[in-house]
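K.L.:
What follows is the file query31.txt, containing compact mmCIF, C-alpha atoms:
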# COMPACT_ATOMS: atom_id res chain seq x y z
CA MET K 19 148.06 97.48 262.11
CA GLU K 20 147.02 98.43 258.58
CA ASN K 21 148.27 101.74 257.20
CA LYS K 22 145.99 104.38 255.78
CA ALA K 23 145.85 104.70 252.01
CA TYR K 24 144.17 107.15 249.65
CA ILE K 25 142.78 107.20 246.16
CA VAL K 26 142.76 110.57 244.41
CA LEU K 27 140.64 110.98 241.27
CA ALA K 28 141.57 113.30 238.42
CA ASP K 29 138.51 115.45 239.23
CA GLY K 30 139.83 116.09 242.76
CA HIS K 31 137.75 113.60 244.75
CA ILE K 32 139.62 111.89 247.59
CA PHE K 33 138.74 108.58 249.24
CA GLU K 34 140.47 107.31 252.37
CA GLY K 35 140.90 103.61 253.03
CA LYS K 36 143.45 101.07 254.19
CA ASN K 37 146.33 99.52 252.33
CA PHE K 38 146.77 95.87 251.42
CA GLY K 39 148.99 94.23 248.86
CA ALA K 40 152.02 96.26 247.78
CA THR K 41 152.78 99.78 248.99
CA GLY K 42 153.73 102.96 247.15
CA CYS K 43 152.09 105.35 244.70
CA VAL K 44 150.57 104.24 241.42
CA THR K 45 148.61 106.08 238.72
CA GLY K 46 146.24 104.49 236.23
CA GLU K 47 142.85 104.67 234.57
CA ALA K 48 140.18 103.95 237.20
CA VAL K 49 137.51 101.48 236.05
CA PHE K 50 134.94 99.29 237.79
CA THR K 51 133.83 95.73 237.16
CA THR K 52 130.54 94.30 238.43
CA GLY K 53 131.42 90.61 238.60
CA MET K 54 130.41 88.86 241.83
CA THR K 55 133.07 86.23 241.15
CA GLY K 56 136.02 85.99 238.78
CA TYR K 57 138.42 88.31 240.61
CA ILE K 58 141.30 85.92 239.84
CA GLU K 59 140.57 86.14 236.12
CA THR K 60 140.25 89.93 236.40
CA LEU K 61 143.60 90.31 238.13
CA THR K 62 145.37 88.19 235.51
CA ASP K 63 143.53 89.44 232.41
CA PRO K 64 146.00 91.37 230.18
CA SER K 65 143.13 93.59 228.99
CA TYR K 66 143.33 95.49 232.32
CA PHE K 67 146.87 96.72 231.58
CA GLY K 68 147.34 100.31 232.77
CA GLN K 69 144.15 100.37 234.83
CA ILE K 70 143.23 100.67 238.49
CA VAL K 71 140.43 98.14 238.89
CA MET K 72 137.62 98.46 241.40
CA GLN K 73 135.33 95.56 242.29
CA THR K 74 131.77 96.72 242.93
CA PHE K 75 130.88 93.47 244.73
CA PRO K 76 131.60 94.19 248.43
CA LEU K 77 133.52 91.03 249.44
CA ILE K 78 136.48 89.87 247.36
CA GLY K 79 138.94 87.05 247.97
CA ASN K 80 136.67 84.53 249.71
CA TYR K 81 137.86 81.57 247.61
CA GLY K 82 141.49 82.67 247.65
CA ILE K 83 143.96 82.46 244.79
CA ILE K 84 143.78 79.50 242.40
CA PRO K 85 146.67 79.45 239.87
CA ALA K 86 144.83 76.99 237.63
CA ASP K 87 142.32 79.79 236.92
CA PHE K 88 144.90 82.40 235.87
CA GLU K 89 144.37 83.99 232.46
CA SER K 90 148.07 84.89 232.19
CA SER K 91 151.19 84.24 234.20
CA ARG K 92 151.01 87.52 236.16
CA SER K 93 148.80 90.45 237.07
CA HIS K 94 148.53 93.44 234.72
CA VAL K 95 146.45 95.86 236.79
CA ARG K 96 148.17 98.96 238.16
CA GLY K 97 146.09 99.10 241.31
CA TYR K 98 143.22 97.27 242.99
CA ILE K 99 140.24 98.62 244.97
CA VAL K 100 137.80 96.57 247.04
CA HIS K 101 135.37 97.32 249.84
CA ASP K 102 136.43 94.35 251.95
CA TRP K 103 138.89 91.52 251.31
CA CYS K 104 138.62 88.07 252.83
CA ARG K 105 141.61 87.30 255.03
CA ILE K 106 140.75 83.63 255.54
CA PRO K 107 139.64 82.18 252.18
CA SER K 108 137.97 78.78 251.97
CA ASN K 109 138.00 76.59 248.87
CA PHE K 110 139.37 73.12 248.16
CA ARG K 111 141.41 74.54 245.25
CA CYS K 112 142.79 77.54 247.16
CA GLU K 113 146.58 77.99 247.13
CA GLY K 114 146.97 81.41 248.71
CA ASP K 115 145.24 84.63 249.69
CA LEU K 116 144.58 87.87 247.85
CA ASP K 117 146.95 90.02 249.91
CA ALA K 118 149.93 87.73 249.25
CA PHE K 119 149.09 87.61 245.53
CA LEU K 120 149.02 91.39 245.27
CA LYS K 121 152.32 91.70 247.11
CA LYS K 122 153.97 89.10 244.86
CA ASN K 123 152.74 90.92 241.75
CA LYS K 124 153.62 94.38 243.14
CA VAL K 125 150.02 95.56 242.88
CA VAL K 126 149.06 98.36 245.27
CA GLY K 127 145.69 97.70 246.87
CA ILE K 128 143.24 99.75 248.93
CA HIS K 129 140.22 98.53 250.89
CA SER K 130 137.67 99.73 253.48
CA LEU K 131 136.40 102.68 251.44
CA ASP K 132 133.00 103.52 249.99
CA THR K 133 133.23 101.70 246.65
CA ARG K 134 129.57 102.41 245.91
CA ALA K 135 130.16 106.18 246.05
CA LEU K 136 133.30 105.80 243.93
CA THR K 137 131.40 103.74 241.36
CA LYS K 138 128.70 106.40 241.10
CA ILE K 139 131.31 109.06 240.35
CA ILE K 140 132.86 107.01 237.55
CA ARG K 141 129.43 106.04 236.21
CA GLU K 142 128.20 109.63 236.08
CA SER K 143 131.43 111.43 235.14
CA GLY K 144 133.02 108.68 233.08
CA VAL K 145 136.27 106.76 233.36
CA MET K 146 139.10 108.95 234.61
CA ASN K 147 142.66 108.69 235.84
CA ALA K 148 143.38 108.17 239.51
CA ARG K 149 146.25 107.60 241.91
CA ILE K 150 146.48 105.23 244.86
CA ILE K 151 148.77 106.53 247.58
CA ALA K 152 149.80 103.87 250.08
CA PRO K 153 152.88 105.24 251.86
CA ARG K 154 155.55 103.18 253.52
CA GLU K 155 158.04 104.53 256.03
CA SER K 156 161.08 104.03 253.82
CA ASP K 157 159.51 105.79 250.83
CA HIS K 158 159.84 109.55 251.25
CA GLU K 159 157.97 110.35 248.03
CA SER K 160 154.81 108.38 248.87
CA ALA K 161 154.84 109.77 252.42
CA LYS K 162 155.07 113.29 251.02
CA GLU K 163 152.09 112.74 248.72
CA ALA K 164 150.10 111.28 251.60
CA ASP K 165 150.83 114.43 253.64
CA ILE K 166 149.54 116.59 250.77
CA VAL K 167 146.29 114.64 250.61
CA ARG K 168 145.82 114.57 254.40
CA ASP K 169 146.31 118.33 254.48
CA VAL K 170 143.44 118.76 252.01
CA LEU K 171 141.18 116.44 254.00
CA GLU K 172 141.91 118.23 257.30
CA LYS K 173 141.76 121.83 256.06
CA GLY K 174 139.22 121.48 253.27
CA GLU K 175 141.39 123.63 251.01
CA LYS K 176 143.24 122.47 247.91
CA SER K 177 146.83 123.62 248.05
CA SER K 178 149.07 124.32 245.06
CA ALA K 179 150.88 121.08 245.84
CA PHE K 180 147.57 119.21 245.55
CA GLU K 181 146.76 120.95 242.26
CA ASN K 182 150.15 119.88 240.95
CA LEU K 183 149.36 116.33 242.01
CA ILE K 184 146.00 116.46 240.16
CA SER K 185 147.76 117.79 237.06
CA GLU K 186 150.21 114.89 237.19
CA ILE K 187 147.36 112.37 237.56
CA ARG K 188 145.51 113.84 234.57
CA SER K 189 148.60 113.63 232.39
CA PHE K 190 148.89 109.84 232.74
CA VAL K 191 148.50 107.99 229.43
CA ILE K 192 148.49 104.23 228.83
CA LYS K 193 151.28 103.53 226.33
CA ASP K 194 152.29 100.50 224.25
CA ALA K 195 149.50 98.48 225.81
CA VAL K 196 149.27 95.58 223.33
CA TYR K 197 153.02 95.17 222.88
CA SER K 198 153.48 95.21 226.67
CA VAL K 199 151.21 92.20 227.24
CA THR K 200 151.45 90.04 224.12
CA GLY K 201 152.54 86.52 225.04
CA SER K 202 151.57 86.94 228.71
CA ALA K 203 149.77 83.60 228.87
CA SER K 204 152.62 81.52 227.44
CA GLY K 205 154.02 80.73 230.88
CA ILE K 206 150.87 78.88 231.96
CA GLU K 207 149.92 77.12 228.74
CA LYS K 208 149.17 73.39 229.00
CA PRO K 209 149.51 70.64 226.37
CA ALA K 210 146.40 69.86 224.34
CA GLY K 211 145.95 66.42 225.91
CA GLN K 212 145.99 67.82 229.43
CA VAL K 213 143.53 70.59 228.55
CA PHE K 214 141.04 68.15 227.08
CA ALA K 215 141.42 65.64 229.91
CA GLU K 216 140.76 68.33 232.51
CA SER K 217 137.79 69.78 230.64
CA ALA K 218 136.25 66.34 230.14
CA ALA K 219 136.64 65.55 233.84
CA TYR K 220 134.66 68.69 234.67
CA ARG K 221 132.18 67.93 231.86
CA ALA K 222 132.94 71.35 230.37
CA VAL K 223 133.60 70.35 226.78
CA PRO K 224 131.99 72.11 223.78
CA VAL K 225 128.37 73.22 223.77
CA THR K 226 125.93 73.35 220.85
CA GLU K 227 123.93 76.43 219.88
CA ASP K 228 120.95 74.81 221.60
CA GLY K 229 122.90 74.85 224.87
CA LEU K 230 123.56 71.10 224.97
CA LYS K 231 126.88 69.80 226.28
CA VAL K 232 128.94 67.50 224.10
CA ASN K 233 130.36 65.15 226.70
CA ASP K 234 131.77 62.58 224.29
CA ALA K 235 135.48 63.36 223.81
CA GLU K 236 135.65 62.03 220.25
CA LYS K 237 132.53 63.86 219.13
CA ALA K 238 133.62 67.13 220.77
CA ALA K 239 136.86 67.17 218.77
CA GLU K 240 135.47 65.68 215.56
CA ALA K 241 134.94 68.85 213.53
CA GLY K 242 138.18 70.53 214.58
CA ARG K 243 140.61 67.65 214.38
CA GLY K 244 143.23 68.18 211.67
CA LYS K 245 142.66 71.93 211.53
CA LYS K 246 145.33 74.48 212.45
CA VAL K 247 144.55 77.88 213.99
CA VAL K 248 146.87 80.82 214.57
CA LEU K 249 146.00 82.68 217.77
CA TRP K 250 147.15 86.23 217.08
CA ASP K 251 147.99 87.30 220.60
CA PHE K 252 147.25 90.93 221.53
CA GLY K 253 147.06 89.99 225.22
CA ALA K 254 145.16 86.74 224.91
CA LYS K 255 143.42 85.19 227.89
CA ALA K 256 144.57 81.61 228.43
CA ASN K 257 141.06 80.22 228.21
CA ILE K 258 140.74 81.23 224.56
CA ARG K 259 143.49 78.77 223.67
CA ARG K 260 141.93 76.14 225.92
CA GLU K 261 138.55 76.44 224.15
CA LEU K 262 140.26 75.94 220.79
CA LEU K 263 142.22 72.94 222.04
CA LYS K 264 139.08 71.32 223.48
CA ARG K 265 137.71 71.21 219.95
CA GLY K 266 140.62 69.21 218.59
CA LEU K 267 142.37 72.15 216.90
CA GLU K 268 146.12 72.62 216.64
CA VAL K 269 146.86 76.09 218.05
CA ILE K 270 149.92 78.18 217.17
CA THR K 271 150.23 81.37 219.23
CA MET K 272 151.90 84.30 217.48
CA LYS K 273 152.73 87.63 219.10
CA ALA K 274 151.22 90.99 218.20
CA GLN K 275 154.31 92.02 216.22
CA SER K 276 153.73 89.21 213.69
CA THR K 277 153.08 90.13 210.06
CA CYS K 278 150.48 88.78 207.68
CA SER K 279 153.19 86.95 205.72
CA GLU K 280 154.54 85.29 208.87
CA ILE K 281 151.05 84.18 209.86
CA ALA K 282 150.23 82.90 206.36
CA ALA K 283 153.52 80.97 206.33
CA GLN K 284 152.05 78.74 209.05
CA LYS K 285 149.38 77.69 206.52
CA PRO K 286 146.56 78.06 209.07
CA ASP K 287 142.98 77.05 208.41
CA GLY K 288 141.90 80.06 210.43
CA VAL K 289 143.13 82.96 212.56
CA LEU K 290 141.68 83.99 215.91
CA LEU K 291 142.23 87.62 216.90
CA SER K 292 142.48 87.84 220.68
CA ASN K 293 141.41 90.29 223.31
CA GLY K 294 143.85 92.90 224.59
CA PRO K 295 144.19 96.32 226.25
CA GLY K 296 144.19 99.94 225.19
CA ASP K 297 142.81 102.11 222.40
CA PRO K 298 142.35 99.88 219.32
CA ALA K 299 142.92 102.75 216.87
CA GLU K 300 146.49 103.24 218.15
CA ASN K 301 147.56 99.88 216.72
CA THR K 302 148.11 101.14 213.18
CA ALA K 303 150.78 98.57 212.24
CA ILE K 304 148.59 95.66 213.37
CA ILE K 305 145.56 97.10 211.56
CA SER K 306 147.58 97.36 208.35
CA GLU K 307 148.72 93.73 208.57
CA LEU K 308 145.20 92.63 209.48
CA LYS K 309 143.84 94.29 206.34
CA LYS K 310 146.23 92.13 204.29
CA LEU K 311 145.12 89.05 206.23
CA THR K 312 141.44 89.65 205.50
CA ASP K 313 142.28 90.05 201.81
CA SER K 314 143.91 86.58 201.85
CA GLY K 315 140.70 84.63 202.29
CA ILE K 316 141.79 82.94 205.52
CA PRO K 317 138.83 82.62 207.92
CA VAL K 318 139.03 85.05 210.85
CA PHE K 319 137.29 85.17 214.23
CA GLY K 320 137.81 88.25 216.44
CA ILE K 321 137.17 88.56 220.18
CA CYS K 322 137.01 91.89 222.09
CA LEU K 323 140.04 93.94 220.95
CA GLY K 324 140.34 91.55 218.01
CA HIS K 325 136.74 92.45 217.10
CA GLN K 326 137.60 96.16 217.18
CA LEU K 327 140.82 95.78 215.19
CA LEU K 328 139.02 93.73 212.55
CA ALA K 329 136.39 96.45 212.13
CA LEU K 330 139.11 99.11 211.82
CA ALA K 331 140.94 97.02 209.23
CA ARG K 332 137.77 96.86 207.12
CA GLY K 333 137.15 100.62 207.30
CA GLY K 334 135.01 100.96 210.43
CA LYS K 335 135.52 103.28 213.40
CA THR K 336 135.77 102.85 217.17
CA GLU K 337 134.87 105.15 220.06
CA LYS K 338 135.59 105.28 223.78
CA LEU K 339 132.61 104.46 225.99
CA LYS K 340 131.75 106.61 228.99
CA TYR K 341 132.57 103.90 231.52
CA GLY K 342 132.77 100.74 229.43
CA HIS K 343 131.34 97.27 229.99
CA ARG K 344 133.13 95.22 232.62
CA GLY K 345 131.39 92.33 234.33
CA ALA K 346 130.03 88.81 233.96
CA ASN K 347 126.35 89.61 233.36
CA GLN K 348 126.14 91.77 230.23
CA PRO K 349 123.10 90.85 228.07
CA VAL K 350 123.64 90.69 224.30
CA LYS K 351 121.02 90.07 221.61
CA GLU K 352 121.67 88.12 218.43
CA LEU K 353 119.76 90.04 215.77
CA SER K 354 119.23 87.10 213.41
CA THR K 355 117.41 85.03 216.03
CA GLY K 356 116.24 87.55 218.63
CA ARG K 357 117.82 85.38 221.32
CA VAL K 358 119.47 87.09 224.29
CA TYR K 359 122.61 85.66 225.86
CA ILE K 360 124.43 86.51 229.09
CA SER K 361 128.02 87.49 228.35
CA SER K 362 131.24 88.36 230.15
CA GLN K 363 132.81 91.62 229.02
CA ASN K 364 135.82 93.81 229.65
CA HIS K 365 136.20 96.74 227.28
CA GLY K 366 136.27 100.51 227.28
CA TYR K 367 135.95 101.00 223.51
CA ALA K 368 133.30 99.91 221.02
CA VAL K 369 132.86 99.74 217.27
CA VAL K 370 130.61 102.54 215.99
CA SER K 371 127.62 100.73 214.48
CA ASP K 372 126.93 103.48 211.92
CA SER K 373 130.50 103.21 210.62
CA LEU K 374 130.29 99.61 209.41
CA PRO K 375 131.49 99.37 205.80
CA GLY K 376 129.87 97.43 202.99
CA GLY K 377 130.14 93.71 203.52
CA ALA K 378 129.75 94.09 207.29
CA THR K 379 126.49 93.45 209.13
CA LEU K 380 125.68 94.05 212.78
CA SER K 381 125.07 90.62 214.36
CA PHE K 382 124.86 91.27 218.13
CA ILE K 383 123.92 94.34 220.16
CA ASN K 384 124.14 95.17 223.85
CA THR K 385 120.57 95.24 225.16
CA ASN K 386 121.46 97.84 227.81
CA ASP K 387 122.80 100.58 225.55
CA GLY K 388 122.42 99.27 221.99
CA THR K 389 126.16 99.31 221.22
CA CYS K 390 127.77 96.95 218.73
CA GLU K 391 128.52 93.51 220.18
CA GLY K 392 129.17 91.53 217.02
CA ILE K 393 129.77 91.78 213.27
CA GLN K 394 129.29 89.28 210.44
CA TYR K 395 131.32 89.84 207.25
CA SER K 396 130.18 88.78 203.78
CA ASP K 397 133.11 90.07 201.68
CA PHE K 398 135.57 87.67 203.36
CA PRO K 399 135.14 84.66 205.68
CA GLY K 400 135.04 86.31 209.08
CA PHE K 401 133.01 87.35 212.09
CA SER K 402 133.69 88.91 215.47
CA VAL K 403 132.17 89.58 218.87
CA GLN K 404 132.85 92.23 221.50
CA PHE K 405 132.15 89.91 224.43
CA HIS K 406 134.12 86.89 225.70
CA PRO K 407 132.66 83.51 224.63
CA GLU K 408 135.46 81.69 226.49
CA ALA K 409 134.69 83.29 229.85
CA SER K 410 131.90 80.95 231.03
CA ALA K 411 129.18 83.56 231.32
CA GLY K 412 125.77 82.01 231.60
CA PRO K 413 127.92 79.79 232.26
CA LEU K 414 127.98 78.35 228.73
CA ASP K 415 125.79 80.77 226.79
CA THR K 416 128.10 81.77 223.92
CA ALA K 417 130.74 79.01 223.81
CA PHE K 418 129.13 77.77 220.59
CA LEU K 419 130.84 80.63 218.72
CA PHE K 420 134.06 78.61 218.73
CA ASP K 421 132.14 75.85 216.95
CA ARG K 422 130.86 78.40 214.43
CA PHE K 423 134.48 79.30 213.77
CA ILE K 424 135.29 75.65 213.05
CA ASP K 425 132.26 75.41 210.75
CA LEU K 426 133.52 78.50 208.91
CA MET K 427 136.95 76.94 208.43
CA ASN K 428 135.46 73.67 207.22
CA SER K 429 133.18 75.41 204.73
CA THR K 430 135.83 77.79 203.38
CA GLY K 431 138.49 75.26 202.35
CA ASP K 432 142.26 75.49 202.61
CA LYS K 433 143.35 77.52 199.58
CA HIS K 434 144.50 80.94 200.68
CA ALA K 435 146.69 83.34 198.71
CA VAL K 436 148.06 86.35 200.55
CA LYS K 437 147.95 89.56 198.55
CA SER K 438 151.03 91.75 198.70
What's the structure tokens form of this structure?

P.N.:
Amino acid sequence: MENKAYIVLADGHIFEGKNFGATGCVTGEAVFTTGMTGYIETLTDPSYFGQIVMQTFPLIGNYGIIPADFESSRSHVRGYIVHDWCRIPSNFRCEGDLDAFLKKNKVVGIHSLDTRALTKIIRESGVMNARIIAPRESDHESAKEADIVRDVLEKGEKSSAFENLISEIRSFVIKDAVYSVTGSASGIEKPAGQVFAESAAYRAVPVTEDGLKVNDAEKAAEAGRGKKVVLWDFGAKANIRRELLKRGLEVITMKAQSTCSEIAAQKPDGVLLSNGPGDPAENTAIISELKKLTDSGIPVFGICLGHQLLALARGGKTEKLKYGHRGANQPVKELSTGRVYISSQNHGYAVVSDSLPGGATLSFINTNDGTCEGIQYSDFPGFSVQFHPEASAGPLDTAFLFDRFIDLMNSTGDKHAVKS
């Protein structure tokens, strides 16, 4: 028999459901993602660090758990909310079920609640903190909190104990996000030869800007072969490295704590700034080192958090969105061509378009709300996008951006001098 569980929002709303996965009490920032598929990637994406993630699609877990699709070696979410989870998954690649995965990763889950109503609250009120309470008999503290919540539901009155609980939920802050997840994908990284062999077998090698697949292995790696890229890892998804490797590049992953001098010492032809979690403006040390890197003349490509950090390093500003963009169907428009692409996104912050400094031009916008989705720089060799070109949205709509990065490296040359 499944035990009752509760989610309590910072504004006082309570939802009752049933527990799956791990048990206990966990507090985090409640967000929703609209992807119909991709729950494995969501659960293992380091960008969700510190967050309680809700899937708006009603059935989750139907194709089970597939380790080959992990974006890092473990889950980073603090809690997981679904309407219904599939107990008997079916897929030829399946190696386990969702419940067992959550238990193994100590993620507290809750299901059988009105996720549509919960989504509407977050959409209208904005992202807020929440707590999942899934008591177990041996845990006195979680049982006590469950009693407090049940008392409110039964009596319709908010006790002082409940108000204290709400105060505690509101005080939660995500701390040290980037430094907590940097290097998370290292445990599942594969050699370049294996990555390319697997991608070629699935005919998922590089794609041109016209949307044409390059299925010839030699041609796909022609432009990138002999080039070295540093992947500056702020919580990088594994598929970013795979997309670089598919193009014949040598990839050196360096953690978030790395300095500009340490990166330049690798003599890279380019640097890719990865995705990652948290408020970009909090990463002052990284921003300072990134400013030095952009002054060096080394070509730079930023993705998601990397896009935001790059803008901050060049004098731009970022802001927190009301409820962010999280899902696999976000439309973005390239301003130079007018073409609209389908993109995968996962971010709660955005670069303020009006804050772009000289030498920076808006290149992509979100067609839903007009927010900044890409920047092209003219005062140094660099560009960035807010969305995830490695995440197979469309399914291949924006993968050509990796090829643009290679073109930038090839056109810039290999003489870089780091300024002190």

K.L.:
Show which residues sit within 9 Å of Leu328 in chain K, as a list in words. Count all atoms listed in the file, and ignore same-chain residues fewer than 6 positions away.

P.N.:
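With the cut-off at 9 Å, the set is Leu291, Ile305, Leu308, Lys309, Thr312, Val318, Phe319, Gly320, Gly334, Phe401 and Ser402 of chain K.
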
K.L.:
If we count all atoms listed in the file, what is near range 181-187 of chain K at a cut-off of 6 Å, once residues fewer than 3 positions away on the same chain are taken out, given as a ChimeraX atom specification?

P.N.:
/K:28,178,190

K.L.:
Find the spatial neighbours of Glu280 in chain K, counting only C-alpha atoms, within a cut-off of 12 Å - ignore same-chain residues fewer than 3 positions away - and output them as a PDB file with C-alpha atoms, in the coordinates of the input.

P.N.:
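Saved result, selection_12.pdb, follows:
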ATOM      1  CA  VAL K 248     146.870  80.820 214.570  1.00  0.00           C
ATOM      2  CA  TRP K 250     147.150  86.230 217.080  1.00  0.00           C
ATOM      3  CA  ILE K 270     149.920  78.180 217.170  1.00  0.00           C
ATOM      4  CA  THR K 271     150.230  81.370 219.230  1.00  0.00           C
ATOM      5  CA  MET K 272     151.900  84.300 217.480  1.00  0.00           C
ATOM      6  CA  LYS K 273     152.730  87.630 219.100  1.00  0.00           C
ATOM      7  CA  ALA K 274     151.220  90.990 218.200  1.00  0.00           C
ATOM      8  CA  GLN K 275     154.310  92.020 216.220  1.00  0.00           C
ATOM      9  CA  SER K 276     153.730  89.210 213.690  1.00  0.00           C
ATOM     10  CA  THR K 277     153.080  90.130 210.060  1.00  0.00           C
ATOM     11  CA  ALA K 283     153.520  80.970 206.330  1.00  0.00           C
ATOM     12  CA  GLN K 284     152.050  78.740 209.050  1.00  0.00           C
ATOM     13  CA  LYS K 285     149.380  77.690 206.520  1.00  0.00           C
ATOM     14  CA  PRO K 286     146.560  78.060 209.070  1.00  0.00           C
ATOM     15  CA  GLU K 307     148.720  93.730 208.570  1.00  0.00           C
ATOM     16  CA  LEU K 308     145.200  92.630 209.480  1.00  0.00           C
ATOM     17  CA  LYS K 310     146.230  92.130 204.290  1.00  0.00           C
ATOM     18  CA  LEU K 311     145.120  89.050 206.230  1.00  0.00           C
ATOM     19  CA  VAL K 436     148.060  86.350 200.550  1.00  0.00           C
TER      20      VAL K 436
END

K.L.:
Calculated over only C-alpha atoms, which of the candidates K:His31, K:Arg259, K:Lys264, K:His325 has the smallest distance to Ile140 in chain K?

P.N.:
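Nearest to Ile140 in chain K: K:His31.
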
K.L.:
Counting all atoms listed in the file, figure out which residue out of K:Cys322, K:Val213, K:Ala303, K:Ala238 gets nearest to Lys255 in chain K.

P.N.:
K:Cys322

K.L.:
Rank nothing, just name the residue among K:Asn257, K:Thr45, K:Ser381, K:Thr55 nearest to Ser90 in chain K, using only C-alpha atoms.

P.N.:
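Among K:Asn257, K:Thr45, K:Ser381, K:Thr55, it is K:Asn257 that comes nearest to Ser90 in chain K.
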
K.L.:
May I ask for the distance between CA of Pro64 in chain K and CA of Pro85 in chain K, given in Å to one decimal place?

P.N.:
15.4 Å

K.L.:
From the list K:Gly333, K:Gly345, K:Gly242, K:Gly392, which residue is nearest Val71 in chain K when using all atoms listed in the file?

P.N.:
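Nearest candidate to Val71 in chain K out of K:Gly333, K:Gly345, K:Gly242, K:Gly392: K:Gly345.
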
K.L.:
Which residues of range 135-188 of chain K come within 12 Å of range 366-369 of chain K, and what is each one's closest atom pair and distance in Å (one decimal), counting only C-alpha atoms, sorted by chain and residue number, as a Markdown table?

P.N.:
| residue | atom | partner | partner_atom | distance |
| --- | --- | --- | --- | --- |
| K:Gly144 | CA | K:Gly366 | CA | 10.5 |
| K:Val145 | CA | K:Gly366 | CA | 8.7 |
| K:Met146 | CA | K:Gly366 | CA | 11.5 |

K.L.:
Missing atoms in range 201-213 of chain K: can you complete it with N, CA, C and O atoms, as a PDB file, in the frame of the given file?

P.N.:
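File produced: selection_29.pdb:
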ATOM      1  N   GLY K 201     151.805  87.690 224.578  1.00  0.00           N
ATOM      2  CA  GLY K 201     152.540  86.520 225.040  1.00  0.00           C
ATOM      3  C   GLY K 201     152.469  86.285 226.539  1.00  0.00           C
ATOM      4  O   GLY K 201     153.148  85.392 227.056  1.00  0.00           O
ATOM      5  N   SER K 202     151.622  87.032 227.246  1.00  0.00           N
ATOM      6  CA  SER K 202     151.570  86.940 228.710  1.00  0.00           C
ATOM      7  C   SER K 202     151.097  85.583 229.217  1.00  0.00           C
ATOM      8  O   SER K 202     151.417  85.187 230.337  1.00  0.00           O
ATOM      9  N   ALA K 203     150.318  84.871 228.415  1.00  0.00           N
ATOM     10  CA  ALA K 203     149.770  83.600 228.870  1.00  0.00           C
ATOM     11  C   ALA K 203     150.671  82.407 228.587  1.00  0.00           C
ATOM     12  O   ALA K 203     150.398  81.293 229.033  1.00  0.00           O
ATOM     13  N   SER K 204     151.770  82.644 227.866  1.00  0.00           N
ATOM     14  CA  SER K 204     152.620  81.520 227.440  1.00  0.00           C
ATOM     15  C   SER K 204     153.189  80.731 228.609  1.00  0.00           C
ATOM     16  O   SER K 204     153.391  79.520 228.512  1.00  0.00           O
ATOM     17  N   GLY K 205     153.428  81.399 229.727  1.00  0.00           N
ATOM     18  CA  GLY K 205     154.020  80.730 230.880  1.00  0.00           C
ATOM     19  C   GLY K 205     153.111  79.750 231.591  1.00  0.00           C
ATOM     20  O   GLY K 205     153.576  78.958 232.414  1.00  0.00           O
ATOM     21  N   ILE K 206     151.808  79.788 231.280  1.00  0.00           N
ATOM     22  CA  ILE K 206     150.870  78.880 231.960  1.00  0.00           C
ATOM     23  C   ILE K 206     150.138  77.971 230.970  1.00  0.00           C
ATOM     24  O   ILE K 206     149.182  77.299 231.338  1.00  0.00           O
ATOM     25  N   GLU K 207     150.580  77.951 229.729  1.00  0.00           N
ATOM     26  CA  GLU K 207     149.920  77.120 228.740  1.00  0.00           C
ATOM     27  C   GLU K 207     150.140  75.635 229.016  1.00  0.00           C
ATOM     28  O   GLU K 207     151.230  75.229 229.433  1.00  0.00           O
ATOM     29  N   LYS K 208     149.111  74.835 228.774  1.00  0.00           N
ATOM     30  CA  LYS K 208     149.170  73.390 229.000  1.00  0.00           C
ATOM     31  C   LYS K 208     149.068  72.658 227.662  1.00  0.00           C
ATOM     32  O   LYS K 208     148.490  73.167 226.701  1.00  0.00           O
ATOM     33  N   PRO K 209     149.629  71.442 227.591  1.00  0.00           N
ATOM     34  CA  PRO K 209     149.510  70.640 226.370  1.00  0.00           C
ATOM     35  C   PRO K 209     148.053  70.331 226.058  1.00  0.00           C
ATOM     36  O   PRO K 209     147.205  70.280 226.962  1.00  0.00           O
ATOM     37  N   ALA K 210     147.773  70.104 224.778  1.00  0.00           N
ATOM     38  CA  ALA K 210     146.400  69.860 224.340  1.00  0.00           C
ATOM     39  C   ALA K 210     145.755  68.693 225.077  1.00  0.00           C
ATOM     40  O   ALA K 210     144.596  68.770 225.501  1.00  0.00           O
ATOM     41  N   GLY K 211     146.504  67.596 225.242  1.00  0.00           N
ATOM     42  CA  GLY K 211     145.950  66.420 225.910  1.00  0.00           C
ATOM     43  C   GLY K 211     145.520  66.704 227.327  1.00  0.00           C
ATOM     44  O   GLY K 211     144.461  66.250 227.781  1.00  0.00           O
ATOM     45  N   GLN K 212     146.323  67.491 228.043  1.00  0.00           N
ATOM     46  CA  GLN K 212     145.990  67.820 229.430  1.00  0.00           C
ATOM     47  C   GLN K 212     144.768  68.720 229.493  1.00  0.00           C
ATOM     48  O   GLN K 212     143.899  68.528 230.355  1.00  0.00           O
ATOM     49  N   VAL K 213     144.682  69.682 228.576  1.00  0.00           N
ATOM     50  CA  VAL K 213     143.530  70.590 228.550  1.00  0.00           C
ATOM     51  C   VAL K 213     142.245  69.805 228.334  1.00  0.00           C
ATOM     52  O   VAL K 213     141.241  70.007 229.031  1.00  0.00           O
TER      53      VAL K 213
END
